[in-house]
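Taking it in order: structure first as structure tokens, then the write-up.
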Amino acid sequence: MIPLYFNETTYLEFLEYLYSLAETRYKEFHSRLIKDSNLIGVRTPVLKQIAKEISKHDYQGFIEYNSKKTYEEKVLYGLVLGYIKVDFETRLQLLNDFIPYIDNWAINDIVCANIKDFKKNYERGYSFIISCIRSNQPWRMRFGIVLLLDFYIHDIYIDRILELCNTIRSEDYYVKMAIAWLLSICYIKYKEKTLLFLQTTLLDDWTYNKAIRKIIESSRVSRDEKLNLRKLKK
């Protein structure tokens with residue numbers, strides 16, 4: 001069961017409930033996918049429903065007593081921050097506190113997609129994103145990049161996104177993959193602008209080639225486009 005209020009006792013009871021929802025096969029599959037051994041094995045849709053319930057009551061207590069030891073506890077922590085009814089500045093402060101607990105791409109990306117009110121606070125949200133990307137902390141950087149991917153690929157921000165991609169410097173695999181993923185979606189939505197970017201970009205070769213590959217893998221790109229894109233690889 002999900003308690004209305006959290007303390008040491010009720011949080012332990014909640015953990016027992018969480019473990020009761022585990023699926024062995026899913027745990028085995030997902031642990032290989034995300035390379036996380038601290039996995040209970042609860043599916044994401046179930047975690048979202050639990051997070052919604054927590055957000056209606058004692059979310060502060062949940063964060064306080066959350067051990068942040070398992071994948072599910074960290075996902076729930078982040079999801080709750082997307083569901084609670086707080087002003088945007090408070091949400092950003094809470095996200096700042098949460099980001100240091102991110103330690104794999106799945107936690108990062110699931111939580112980013114759930115922070116819907118970036119759609120209502122574009123400029124303030126963009127400033128937050130820039131602060132993440134300029135932090136030089138890999139998971140914080142990926143958090144900012146994935147927020148761009150989820151909420152900012154439209155007319156007002158596409159030019160800024162492409163310009164920003166030329167300035168991001170990181171040797172971290174998950175940051176580079178996030179940039180490649182971001183550019184692949186930019187291509188789907190703004191083909192001409194993104195193609196011009198790819199022809200003149202300052203990206204390192206690895207990230208550049210990954211971006212080309214991600215675009216080619218898309219079912220929304222024609223066969224002829226894929227042939228031409230392969231010619232751009234370095």
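Numbering starts fresh at 1 for the residues of each chain in the structure tokens, the chains themselves are lettered A, B, ... in the order given, and ligands are numbered from 1 as they appear.
The shell of residues at most 10 Å from A:Asp205, with only C-alpha atoms counted and near chain neighbours (fewer than 4 positions) removed, consists of Thr201, Asn209, Lys210, Ala211, Lys233 and Lys234 of chain A.
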As a tab-separated table (two decimals) with C-alpha atoms, in the first residue's frame, please: the residues near A:Thr194 (cut-off 9 Å, only C-alpha atoms, same-chain neighbours under 6 positions excluded).
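Below is the file result_38.tsv, written as the result:
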```
chain	number	residue	atom	x	y	z
A	158	ILE	CA	15.39	25.09	-33.30
A	162	LEU	CA	21.53	23.66	-33.31
A	183	LEU	CA	19.93	15.97	-33.64
A	184	SER	CA	18.08	12.99	-35.09
A	186	CYS	CA	15.75	17.87	-35.10
A	187	TYR	CA	16.29	16.34	-38.55
A	188	ILE	CA	12.85	14.70	-38.53
```
Apply DSSP to the structure's backbone, then extract all residues of stretch 19-224 of chain A labelled helix (DSSP H, G or I) and return them as a PyMOL selection string. chain A and resi 19-20+24-34+44-55+59-65+71-83+88-101+105-113+116-120+122-133+138-151+158-165+173-189+191-200+205-216+223-224
Any idea what the distance is between atom CA of A:Ile130 and atom CA of A:Glu171?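 Between atom CA of A:Ile130 and atom CA of A:Glu171 the gap is 18.1 Å.
Among the candidates A:Met141, A:Ala113, A:Met177, A:Leu195, the residue lying nearest to A:Leu79 is A:Ala113 (atoms considered: only C-alpha atoms).
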Excluding A:Lys69 and residues on its chain fewer than 5 positions from it, collect all residues at most 10 Å away from it, counting only C-alpha atoms, and give them as a count of residues only. 4
Polymer residues at most 8 Å from A:Met1, only C-alpha atoms, same-chain spacing of 6 or more positions, as a compact mmCIF listing (two decimals) with C-alpha atoms, in the first residue's frame:
```txt
# COMPACT_ATOMS: atom_id res chain seq x y z
CA GLU A 13 6.14 -0.83 4.59
CA PHE A 14 6.02 1.00 1.27
CA TYR A 17 4.71 -3.12 -1.21
```
Quick one: of A:Leu4, A:Val75, A:Leu81, A:Ile153, who's nearest to A:Lys119, counting only C-alpha atoms?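 Result for the nearest residue to A:Lys119: A:Ile153.
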Neighbour list for stretch 221-224 of chain A as JSON, numbers by chain, cut-off 12 Å, only C-alpha atoms, skip fewer than 6 positions in-chain: {"A": [184, 185, 187, 188, 189, 191, 212, 213, 214, 215, 230, 231]}
Identify, on the basis of only C-alpha atoms, every residue whose closest approach to A:Ser31 does not exceed 10 Å; exclude the query and any residue fewer than 6 positions from it along the same chain; express the result as a compact mmCIF listing (two decimals) with N, CA and C atoms, in the first residue's frame.
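Listing of out17.txt after writing:
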```
# COMPACT_ATOMS: atom_id res chain seq x y z
N ARG A 25 10.96 -11.80 -14.65
CA ARG A 25 11.42 -11.75 -16.04
C ARG A 25 11.70 -10.32 -16.48
N SER A 37 22.21 -3.08 -11.30
CA SER A 37 21.98 -4.28 -10.48
C SER A 37 21.01 -4.02 -9.34
N ASN A 38 20.79 -2.74 -9.01
CA ASN A 38 19.88 -2.40 -7.89
C ASN A 38 18.46 -2.18 -8.41
N LEU A 39 17.94 -3.22 -9.00
CA LEU A 39 16.63 -3.15 -9.65
C LEU A 39 15.65 -4.06 -8.94
N ILE A 40 14.47 -3.53 -8.65
CA ILE A 40 13.42 -4.35 -8.02
C ILE A 40 12.68 -5.14 -9.08
N GLY A 41 12.34 -4.48 -10.18
CA GLY A 41 11.64 -5.14 -11.28
C GLY A 41 10.19 -4.71 -11.44
N TYR A 71 16.83 1.44 -8.25
CA TYR A 71 16.41 2.12 -9.49
C TYR A 71 14.99 2.67 -9.32
```
Among listed residues A:Tyr5, A:Ile99, A:Asn114, A:Thr24, nearest A:Phe62 (using only C-alpha atoms):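 Of A:Tyr5, A:Ile99, A:Asn114, A:Thr24, the one nearest A:Phe62, counting only C-alpha atoms, is A:Tyr5.
Closest approach to A:Gly78 from the set A:Ile156, A:Ile129, A:Cys112, A:Ile50 is made by A:Cys112, with distances taken over only C-alpha atoms.
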Shortest interatomic distance to A:Thr9 - which of A:Tyr59, A:Lys52, A:Tyr65, A:Ile34, counting only C-alpha atoms: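 Of A:Tyr59, A:Lys52, A:Tyr65, A:Ile34, the one nearest A:Thr9, counting only C-alpha atoms, is A:Tyr65.
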To one decimal in Å, tell me the separation between atom CA of A:Ala180 and atom CA of A:Thr207.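 Computing the Euclidean distance for atom CA of A:Ala180 and atom CA of A:Thr207 yields 6.0 Å.
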Pick the closest to A:Val175 from A:Ile145, A:Leu198, A:Val42, A:Ile161: which is it, counting only C-alpha atoms?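 Closest to A:Val175, using only C-alpha atoms: A:Ile145.
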